[in-house]
>>> print(open('work.pdb').read())   # PDB, C-alpha atoms
ATOM      1  CA  MET Z1210     113.510 179.348-224.524
ATOM      2  CA  PRO Z1211     113.101 177.251-227.655
ATOM      3  CA  LEU Z1212     114.041 173.598-227.359
ATOM      4  CA  ASP Z1213     117.654 172.790-228.162
ATOM      5  CA  GLN Z1214     117.983 171.530-231.766
ATOM      6  CA  SER Z1215     121.011 169.448-230.806
ATOM      7  CA  PHE Z1216     118.623 166.954-229.190
ATOM      8  CA  VAL Z1217     117.408 165.850-232.625
ATOM      9  CA  GLY Z1218     118.621 162.291-233.181
ATOM     10  CA  ARG Z1219     119.022 161.542-229.494
ATOM     11  CA  THR Z1220     118.019 157.936-228.752
ATOM     12  CA  TYR Z1221     117.073 156.712-225.286
ATOM     13  CA  PRO Z1222     117.724 153.240-223.829
ATOM     14  CA  PRO Z1223     115.210 150.520-224.818
ATOM     15  CA  THR Z1224     112.420 149.867-222.324
ATOM     16  CA  ALA Z1225     112.011 146.686-220.313
ATOM     17  CA  PRO Z1226     109.809 144.210-222.245
ATOM     18  CA  TYR Z1227     106.035 144.752-222.085
ATOM     19  CA  GLU Z1228     104.148 141.470-222.211
ATOM     20  CA  VAL Z1229     100.897 141.759-224.152
ATOM     21  CA  GLY Z1230      98.088 139.738-222.561
ATOM     22  CA  ARG Z1231      94.785 138.645-224.078
ATOM     23  CA  GLU Z1232      92.828 140.201-221.229
ATOM     24  CA  LYS Z1233      94.585 143.570-221.593
ATOM     25  CA  ILE Z1234      93.661 143.587-225.277
ATOM     26  CA  ARG Z1235      90.083 142.684-224.383
ATOM     27  CA  GLU Z1236      89.930 145.483-221.803
ATOM     28  CA  PHE Z1237      91.204 147.983-224.376
ATOM     29  CA  ALA Z1238      88.789 146.794-227.073
ATOM     30  CA  VAL Z1239      85.849 147.091-224.659
ATOM     31  CA  ALA Z1240      87.019 150.580-223.671
ATOM     32  CA  ILE Z1241      86.967 151.772-227.294
ATOM     33  CA  GLY Z1242      83.624 150.008-227.813
ATOM     34  CA  ASP Z1243      84.965 147.785-230.589
ATOM     35  CA  ALA Z1244      83.428 144.298-230.680
ATOM     36  CA  ASN Z1245      85.656 143.025-233.513
ATOM     37  CA  PRO Z1246      86.195 139.326-232.664
ATOM     38  CA  ALA Z1247      89.843 139.466-233.817
ATOM     39  CA  TYR Z1248      90.540 141.276-230.514
ATOM     40  CA  THR Z1249      88.922 138.741-228.197
ATOM     41  CA  ASP Z1250      88.415 135.386-229.910
ATOM     42  CA  PRO Z1251      91.603 133.426-230.741
ATOM     43  CA  ALA Z1252      89.726 131.302-233.290
ATOM     44  CA  ALA Z1253      88.464 134.401-235.110
ATOM     45  CA  ALA Z1254      91.968 135.863-235.113
ATOM     46  CA  ARG Z1255      93.433 132.587-236.436
ATOM     47  CA  ALA Z1256      90.833 132.547-239.218
ATOM     48  CA  LEU Z1257      92.366 135.854-240.372
ATOM     49  CA  GLY Z1258      95.863 134.346-240.289
ATOM     50  CA  HIS Z1259      97.028 135.658-236.899
ATOM     51  CA  PRO Z1260      98.567 133.266-234.345
ATOM     52  CA  ASP Z1261      96.566 134.775-231.451
ATOM     53  CA  VAL Z1262      94.209 137.674-230.776
ATOM     54  CA  ILE Z1263      95.499 140.972-232.122
ATOM     55  CA  ALA Z1264      95.292 144.426-230.584
ATOM     56  CA  PRO Z1265      93.425 147.399-232.079
ATOM     57  CA  PRO Z1266      95.616 149.683-234.214
ATOM     58  CA  THR Z1267      95.985 152.408-231.568
ATOM     59  CA  PHE Z1268      96.826 150.007-228.712
ATOM     60  CA  PRO Z1269     100.619 150.519-229.095
ATOM     61  CA  PHE Z1270     100.263 154.174-228.113
ATOM     62  CA  ALA Z1271     100.153 153.311-224.425
ATOM     63  CA  LEU Z1272     103.550 151.604-224.691
ATOM     64  CA  SER Z1273     105.147 154.283-226.819
ATOM     65  CA  TYR Z1274     103.812 157.077-224.616
ATOM     66  CA  GLN Z1275     105.095 155.366-221.492
ATOM     67  CA  ALA Z1276     108.499 154.985-223.146
ATOM     68  CA  ALA Z1277     108.435 158.651-224.217
ATOM     69  CA  GLN Z1278     108.396 159.710-220.568
ATOM     70  CA  GLN Z1279     112.193 159.437-220.817
ATOM     71  CA  VAL Z1280     112.091 162.383-223.218
ATOM     72  CA  LEU Z1281     109.354 164.344-221.477
ATOM     73  CA  GLU Z1282     111.178 164.085-218.165
ATOM     74  CA  ASP Z1283     114.696 164.574-219.545
ATOM     75  CA  PRO Z1284     115.992 167.419-217.366
ATOM     76  CA  GLU Z1285     118.539 168.391-220.020
ATOM     77  CA  LEU Z1286     115.801 168.913-222.622
ATOM     78  CA  GLY Z1287     113.743 170.977-220.169
ATOM     79  CA  LEU Z1288     110.304 170.550-221.725
ATOM     80  CA  ASP Z1289     107.551 172.381-219.800
ATOM     81  CA  PHE Z1290     104.973 169.608-219.891
ATOM     82  CA  SER Z1291     102.178 171.847-218.594
ATOM     83  CA  ARG Z1292     102.299 173.633-221.975
ATOM     84  CA  VAL Z1293     102.352 170.492-224.127
ATOM     85  CA  VAL Z1294      99.511 169.166-226.272
ATOM     86  CA  HIS Z1295      99.429 166.136-228.566
ATOM     87  CA  GLY Z1296      99.490 167.613-232.074
ATOM     88  CA  ASP Z1297      99.418 164.542-234.234
ATOM     89  CA  GLN Z1298      99.964 160.815-234.115
ATOM     90  CA  LYS Z1299     101.043 158.278-236.707
ATOM     91  CA  PHE Z1300     101.614 154.540-236.688
ATOM     92  CA  ARG Z1301     103.537 152.504-239.249
ATOM     93  CA  TYR Z1302     102.876 148.808-238.865
ATOM     94  CA  THR Z1303     104.898 145.824-239.968
ATOM     95  CA  ARG Z1304     102.305 143.621-238.257
ATOM     96  CA  PRO Z1305      99.606 144.057-235.608
ATOM     97  CA  VAL Z1306     100.502 143.693-231.932
ATOM     98  CA  ARG Z1307      99.231 140.349-230.641
ATOM     99  CA  ALA Z1308      98.767 138.489-227.389
ATOM    100  CA  GLY Z1309     101.982 136.875-226.213
ATOM    101  CA  ASP Z1310     104.215 139.583-227.663
ATOM    102  CA  ARG Z1311     107.059 140.806-225.490
ATOM    103  CA  LEU Z1312     107.604 144.299-226.824
ATOM    104  CA  VAL Z1313     110.539 146.631-226.351
ATOM    105  CA  VAL Z1314     110.282 150.315-227.270
ATOM    106  CA  THR Z1315     113.225 152.453-228.331
ATOM    107  CA  VAL Z1316     112.489 156.156-228.266
ATOM    108  CA  SER Z1317     114.247 158.849-230.298
ATOM    109  CA  ILE Z1318     113.762 162.540-230.923
ATOM    110  CA  GLU Z1319     113.042 162.734-234.655
ATOM    111  CA  SER Z1320     112.681 166.475-235.099
ATOM    112  CA  ILE Z1321     112.346 169.775-233.296
ATOM    113  CA  LYS Z1322     110.868 172.734-235.149
ATOM    114  CA  SER Z1323     109.899 176.189-234.056
ATOM    115  CA  MET Z1324     106.726 177.712-235.451
ATOM    116  CA  ALA Z1325     105.148 180.982-234.305
ATOM    117  CA  GLY Z1326     106.945 180.716-230.980
ATOM    118  CA  ASN Z1327     105.718 177.152-230.381
ATOM    119  CA  ASP Z1328     108.035 174.159-230.337
ATOM    120  CA  LEU Z1329     106.961 171.157-232.409
ATOM    121  CA  MET Z1330     108.760 167.990-231.381
ATOM    122  CA  THR Z1331     108.321 164.587-232.975
ATOM    123  CA  VAL Z1332     109.228 161.598-230.821
ATOM    124  CA  SER Z1333     109.398 158.161-232.417
ATOM    125  CA  GLY Z1334     108.920 154.883-230.601
ATOM    126  CA  GLU Z1335     110.257 151.859-232.472
ATOM    127  CA  VAL Z1336     108.508 148.742-231.167
ATOM    128  CA  HIS Z1337     110.264 145.397-231.608
ATOM    129  CA  ASP Z1338     109.309 141.900-230.502
ATOM    130  CA  ALA Z1339     111.393 139.370-228.549
ATOM    131  CA  ASP Z1340     113.059 138.205-231.775
ATOM    132  CA  GLY Z1341     114.128 141.760-232.517
ATOM    133  CA  GLU Z1342     111.662 142.017-235.404
ATOM    134  CA  HIS Z1343     109.981 145.344-236.059
ATOM    135  CA  VAL Z1344     106.284 145.450-235.125
ATOM    136  CA  VAL Z1345     105.237 149.095-235.302
ATOM    137  CA  THR Z1346     106.638 152.592-235.179
ATOM    138  CA  SER Z1347     104.679 155.212-233.265
ATOM    139  CA  LEU Z1348     105.337 158.839-234.199
ATOM    140  CA  MET Z1349     104.020 161.366-231.704
ATOM    141  CA  MET Z1350     104.167 165.071-232.474
ATOM    142  CA  LEU Z1351     103.945 167.303-229.420
ATOM    143  CA  VAL Z1352     103.313 171.024-229.466
ATOM    144  CA  ALA Z1353     104.849 172.996-226.616
ATOM    145  CA  ARG Z1354     103.055 176.319-226.637
ATOM    146  CA  ALA Z1355     105.106 179.440-226.107
ATOM    147  CA  PRO Z1356     104.740 181.015-222.661
ATOM    148  CA  GLU Z1357     102.342 183.972-222.678
ATOM    149  CA  GLU Z1358     103.959 187.383-222.914
ATOM    150  CA  VAL Z1359     104.030 189.113-219.541
TER     151      VAL Z1359
ATOM    152  CA  MET R 332      97.133 139.083-242.700
ATOM    153  CA  ALA R 333      93.982 138.455-244.592
ATOM    154  CA  ALA R 334      91.669 141.301-245.356
ATOM    155  CA  LYS R 335      88.350 139.994-246.604
ATOM    156  CA  LEU R 336      87.777 142.844-248.997
ATOM    157  CA  THR R 337      89.663 142.534-252.279
ATOM    158  CA  TYR R 338      91.735 145.232-253.932
ATOM    159  CA  ASP R 339      89.933 144.669-257.212
ATOM    160  CA  GLU R 340      86.482 145.399-255.815
ATOM    161  CA  VAL R 341      87.317 148.925-254.636
ATOM    162  CA  ALA R 342      87.881 152.027-256.737
ATOM    163  CA  THR R 343      89.099 155.528-256.017
ATOM    164  CA  GLY R 344      86.092 157.277-254.539
ATOM    165  CA  THR R 345      84.547 154.141-253.023
ATOM    166  CA  GLU R 346      82.785 155.228-249.835
ATOM    167  CA  LEU R 347      83.109 153.218-246.629
ATOM    168  CA  PRO R 348      80.089 152.523-244.430
ATOM    169  CA  PRO R 349      80.024 155.455-241.974
ATOM    170  CA  GLY R 350      80.451 155.137-238.208
ATOM    171  CA  VAL R 351      78.515 156.897-235.445
ATOM    172  CA  PHE R 352      79.973 156.433-231.979
ATOM    173  CA  PRO R 353      78.542 157.967-228.787
ATOM    174  CA  VAL R 354      80.922 159.088-226.041
ATOM    175  CA  THR R 355      79.827 159.747-222.480
ATOM    176  CA  ARG R 356      81.767 160.559-219.324
ATOM    177  CA  ALA R 357      81.576 156.867-218.452
ATOM    178  CA  THR R 358      83.238 156.048-221.792
ATOM    179  CA  LEU R 359      86.117 158.368-220.917
ATOM    180  CA  VAL R 360      86.613 156.925-217.441
ATOM    181  CA  ARG R 361      86.736 153.434-218.922
ATOM    182  CA  TYR R 362      89.181 154.539-221.617
ATOM    183  CA  ALA R 363      91.379 156.274-219.036
ATOM    184  CA  GLY R 364      91.629 153.027-217.100
ATOM    185  CA  ALA R 365      92.311 150.818-220.100
ATOM    186  CA  SER R 366      94.855 153.153-221.710
ATOM    187  CA  GLY R 367      96.553 154.460-218.580
ATOM    188  CA  ASP R 368      95.920 158.082-219.611
ATOM    189  CA  PHE R 369      94.580 159.678-216.431
ATOM    190  CA  ASN R 370      94.988 163.316-217.472
ATOM    191  CA  PRO R 371      92.239 165.085-215.460
ATOM    192  CA  ILE R 372      91.067 167.099-218.497
ATOM    193  CA  HIS R 373      89.329 163.843-219.510
ATOM    194  CA  TRP R 374      87.308 163.354-216.315
ATOM    195  CA  ASN R 375      87.528 166.388-213.992
ATOM    196  CA  GLU R 376      85.310 169.274-215.101
ATOM    197  CA  LYS R 377      86.735 171.694-212.557
ATOM    198  CA  PHE R 378      90.277 171.024-213.752
ATOM    199  CA  ALA R 379      89.265 171.269-217.424
ATOM    200  CA  LEU R 380      87.676 174.681-216.884
ATOM    201  CA  GLU R 381      90.712 175.893-214.947
ATOM    202  CA  VAL R 382      93.018 175.164-217.872
ATOM    203  CA  GLY R 383      90.738 177.020-220.268
ATOM    204  CA  LEU R 384      88.752 174.188-221.840
ATOM    205  CA  PRO R 385      84.983 174.539-222.336
ATOM    206  CA  ASP R 386      84.317 171.267-220.465
ATOM    207  CA  VAL R 387      85.775 167.771-220.102
ATOM    208  CA  ILE R 388      87.139 166.604-223.474
ATOM    209  CA  ALA R 389      87.601 163.125-224.919
ATOM    210  CA  HIS R 390      91.083 161.630-225.176
ATOM    211  CA  GLY R 391      92.446 162.374-228.651
ATOM    212  CA  MET R 392      93.598 158.766-228.775
ATOM    213  CA  PHE R 393      90.020 157.622-228.097
ATOM    214  CA  THR R 394      88.814 159.619-231.105
ATOM    215  CA  MET R 395      91.670 158.160-233.155
ATOM    216  CA  ALA R 396      90.693 154.638-232.034
ATOM    217  CA  SER R 397      87.052 155.284-232.977
ATOM    218  CA  ALA R 398      87.888 156.650-236.425
ATOM    219  CA  ILE R 399      89.878 153.608-237.581
ATOM    220  CA  ARG R 400      86.951 151.300-236.744
ATOM    221  CA  VAL R 401      85.318 152.452-239.974
ATOM    222  CA  VAL R 402      88.367 151.097-241.816
ATOM    223  CA  THR R 403      88.884 147.882-239.850
ATOM    224  CA  ASP R 404      85.187 146.936-240.091
ATOM    225  CA  TRP R 405      85.282 147.589-243.828
ATOM    226  CA  ALA R 406      88.540 145.744-244.568
ATOM    227  CA  GLY R 407      87.552 142.723-242.463
ATOM    228  CA  ASP R 408      90.919 142.385-240.712
ATOM    229  CA  PRO R 409      92.276 145.049-238.351
ATOM    230  CA  GLY R 410      95.739 143.658-239.117
ATOM    231  CA  ALA R 411      95.401 144.907-242.696
ATOM    232  CA  VAL R 412      96.121 148.491-241.603
ATOM    233  CA  VAL R 413      99.740 149.279-242.513
ATOM    234  CA  ASP R 414      99.808 152.995-241.810
ATOM    235  CA  TYR R 415      97.510 155.318-239.855
ATOM    236  CA  GLY R 416      97.857 158.954-238.876
ATOM    237  CA  VAL R 417      95.747 161.850-237.638
ATOM    238  CA  ARG R 418      96.156 165.459-236.560
ATOM    239  CA  PHE R 419      94.285 166.553-233.439
ATOM    240  CA  THR R 420      92.695 169.804-234.561
ATOM    241  CA  ARG R 421      89.761 170.326-232.196
ATOM    242  CA  PRO R 422      88.681 168.638-228.965
ATOM    243  CA  VAL R 423      85.559 166.490-228.614
ATOM    244  CA  VAL R 424      83.684 168.171-225.762
ATOM    245  CA  VAL R 425      81.796 165.676-223.591
ATOM    246  CA  PRO R 426      79.079 167.215-221.397
ATOM    247  CA  ASN R 427      78.042 165.566-218.152
ATOM    248  CA  ASP R 428      74.597 164.374-219.251
ATOM    249  CA  ASP R 429      73.079 161.139-220.474
ATOM    250  CA  LYS R 430      73.846 161.989-224.126
ATOM    251  CA  GLY R 431      77.500 163.043-224.012
ATOM    252  CA  ALA R 432      78.973 163.593-227.481
ATOM    253  CA  VAL R 433      78.769 161.730-230.768
ATOM    254  CA  ILE R 434      81.765 161.103-233.031
ATOM    255  CA  GLU R 435      80.754 160.723-236.680
ATOM    256  CA  ILE R 436      83.095 159.229-239.245
ATOM    257  CA  THR R 437      82.940 158.947-242.996
ATOM    258  CA  GLY R 438      85.670 157.577-245.209
ATOM    259  CA  LYS R 439      86.456 157.041-248.827
ATOM    260  CA  VAL R 440      89.174 155.481-250.923
ATOM    261  CA  ALA R 441      91.380 158.407-251.936
ATOM    262  CA  ALA R 442      93.878 156.419-253.993
ATOM    263  CA  LYS R 443      94.827 152.918-255.028
ATOM    264  CA  LEU R 444      98.507 153.042-254.163
ATOM    265  CA  ASP R 445     100.148 149.846-255.319
ATOM    266  CA  ASP R 446      98.708 147.087-257.510
ATOM    267  CA  GLU R 447     101.381 144.616-256.306
ATOM    268  CA  ALA R 448     101.067 145.315-252.574
ATOM    269  CA  ARG R 449      97.289 145.806-253.021
ATOM    270  CA  THR R 450      97.325 148.867-250.802
ATOM    271  CA  VAL R 451      94.792 151.690-250.829
ATOM    272  CA  ARG R 452      94.690 154.995-248.987
ATOM    273  CA  VAL R 453      91.506 155.817-247.109
ATOM    274  CA  ASP R 454      90.808 159.422-246.112
ATOM    275  CA  LEU R 455      88.566 159.875-243.071
ATOM    276  CA  THR R 456      86.377 162.801-242.088
ATOM    277  CA  VAL R 457      85.768 162.879-238.347
ATOM    278  CA  THR R 458      83.307 165.312-236.796
ATOM    279  CA  ALA R 459      81.604 165.990-233.473
ATOM    280  CA  ALA R 460      78.853 168.574-232.974
ATOM    281  CA  GLY R 461      79.117 169.381-236.681
ATOM    282  CA  GLN R 462      82.807 170.354-236.569
ATOM    283  CA  LYS R 463      85.858 168.506-237.794
ATOM    284  CA  VAL R 464      87.883 167.200-234.854
ATOM    285  CA  LEU R 465      90.690 165.401-236.717
ATOM    286  CA  GLY R 466      92.729 166.635-239.667
ATOM    287  CA  MET R 467      94.735 164.595-242.179
ATOM    288  CA  ALA R 468      93.095 161.424-240.911
ATOM    289  CA  ARG R 469      94.441 158.829-243.310
ATOM    290  CA  ALA R 470      95.041 155.118-243.310
ATOM    291  CA  VAL R 471      96.811 152.802-245.716
ATOM    292  CA  VAL R 472      95.249 149.344-245.870
ATOM    293  CA  ARG R 473      96.430 146.163-247.583
ATOM    294  CA  LEU R 474      93.467 144.441-249.207
ATOM    295  CA  ALA R 475      93.141 140.867-250.356
TER     296      ALA R 475
END
>>> encode(input="work.pdb", output="structure tokens")
Amino acid sequence: MPLDQSFVGRTYPPTAPYEVGREKIREFAVAIGDANPAYTDPAAARALGHPDVIAPPTFPFALSYQAAQQVLEDPELGLDFSRVVHGDQKFRYTRPVRAGDRLVVTVSIESIKSMAGNDLMTVSGEVHDADGEHVVTSLMMLVARAPEEV
Amino acid sequence: MAAKLTYDEVATGTELPPGVFPVTRATLVRYAGASGDFNPIHWNEKFALEVGLPDVIAHGMFTMASAIRVVTDWAGDPGAVVDYGVRFTRPVVVPNDDKGAVIEITGKVAAKLDDEARTVRVDLTVTAAGQKVLGMARAVVRLA
């Protein structure tokens, strides 16, 4: 069963705020092997014009993916997650995520397309700070492979 | 935001210093913990084989994180990245030995987009074991 096109445009409730800590950013930077001082040294980050340490560009994925669970687990949509792979990923930044941010993610279904029996679904996560200012948009395209013919 | 590199000193075709990043099973376990992505295909060989993969594979988001390092190191400020996208075309297979896999990244300035905003588009080529693992890997960066 292809995914229902009428879900395009559906927006889910905003998440509870995620508080970005310096040590979480450090842990992530170490995990990706990136020693850039802007991620760990507040003075180095300030020298670049940031108020505190910033997070690596792909850091927001963890938040947006967590928020997207609302879509993946939406019983009405009926996505078979065992057949889903991450097809592509995009980020559009207004500014980098930084320590001290309290971030709220609002998830929407941007598009659903059918291609060769597979469903391609793009889920956006709009990330805003405590002042309601846009920080980054995460666009995740998922491919739900068609079930094998029996 | 303050990239150190200036818009005027780059041209279309300018090549970025390449990146070579090793990935072992230990790297993947650490990334799983830091990112919260505990999908067993990234650490459990038995599970990976059962779902038809050749071996444990790296997190796509780890490869994506590695690739942009070439850009952030070059620009001088990771906050200068205004747009970044990739397509996950082929997995990075990480064998359970002391070598693991190696992700190799090259990049070049594909276009100078906007003289006012001082933005350029960088196209990245990302390979492991001689094969491209990301498609359409592109970043837009605001230079000084």
>>> closest_residue(input="work.pdb", among="R:Pro353, R:Pro371, R:Pro385, R:Gly410", to="chain Z", atoms="only C-alpha atoms")
R:Gly410
>>> interface_residues(input="work.pdb", of="chain Z", to="chain R", cutoff="8 Å", atoms="all atoms listed in the file", output="list in words")
Lys1233, Glu1236, Phe1237, Ala1240, Ile1241, Asp1243, Asn1245, Ala1247, Leu1257, Gly1258, His1259, Ile1263, Pro1265, Pro1266, Thr1267, Phe1268, Ala1271, His1295, Gly1296, Asp1297, Gln1298, Lys1299, Phe1300, Arg1301, Tyr1302, Thr1303, Arg1304 and Pro1305 of chain Z
>>> atom_distance(input="work.pdb", atom1="atom CA of R:Val351", atom2="atom CA of R:Val433")
6.7 Å
>>> resolve_selection(input="work.pdb", expression="the PyMOL selection byres ((chain R and resi 458) around 9)", output="number ranges by chain")
R: 423, 433-437, 456-457, 459-465
>>> residues_around(input="work.pdb", residues="Z:Asp1261", least_positions_apart="4", cutoff="6 Å", atoms="only C-alpha atoms", output="ChimeraX atom specification")
/Z:1251,1254,1308
>>> residues_near_point(input="work.pdb", point="(118.3, 154.1, -226.6)", cutoff="12 Å", atoms="all atoms listed in the file", output="list in words")
Gly1218, Arg1219, Thr1220, Tyr1221, Pro1222, Pro1223, Thr1224, Ala1225, Ala1276, Ala1277, Gln1279, Val1280, Val1313, Val1314, Thr1315, Val1316, Ser1317, Ile1318, Ser1333, Gly1334 and Glu1335 of chain Z
>>> residues_around(input="work.pdb", residues="R:Val440", least_positions_apart="6", cutoff="8 Å", atoms="all atoms listed in the file", output="PyMOL selection string")
chain R and resi 341-347+451-454
>>> resolve_selection(input="work.pdb", expression="the PyMOL selection byres ((chain Z and resi 1341) around 12)", output="PyMOL selection string")
chain Z and resi 1223+1226+1310-1315+1335-1340+1342-1345
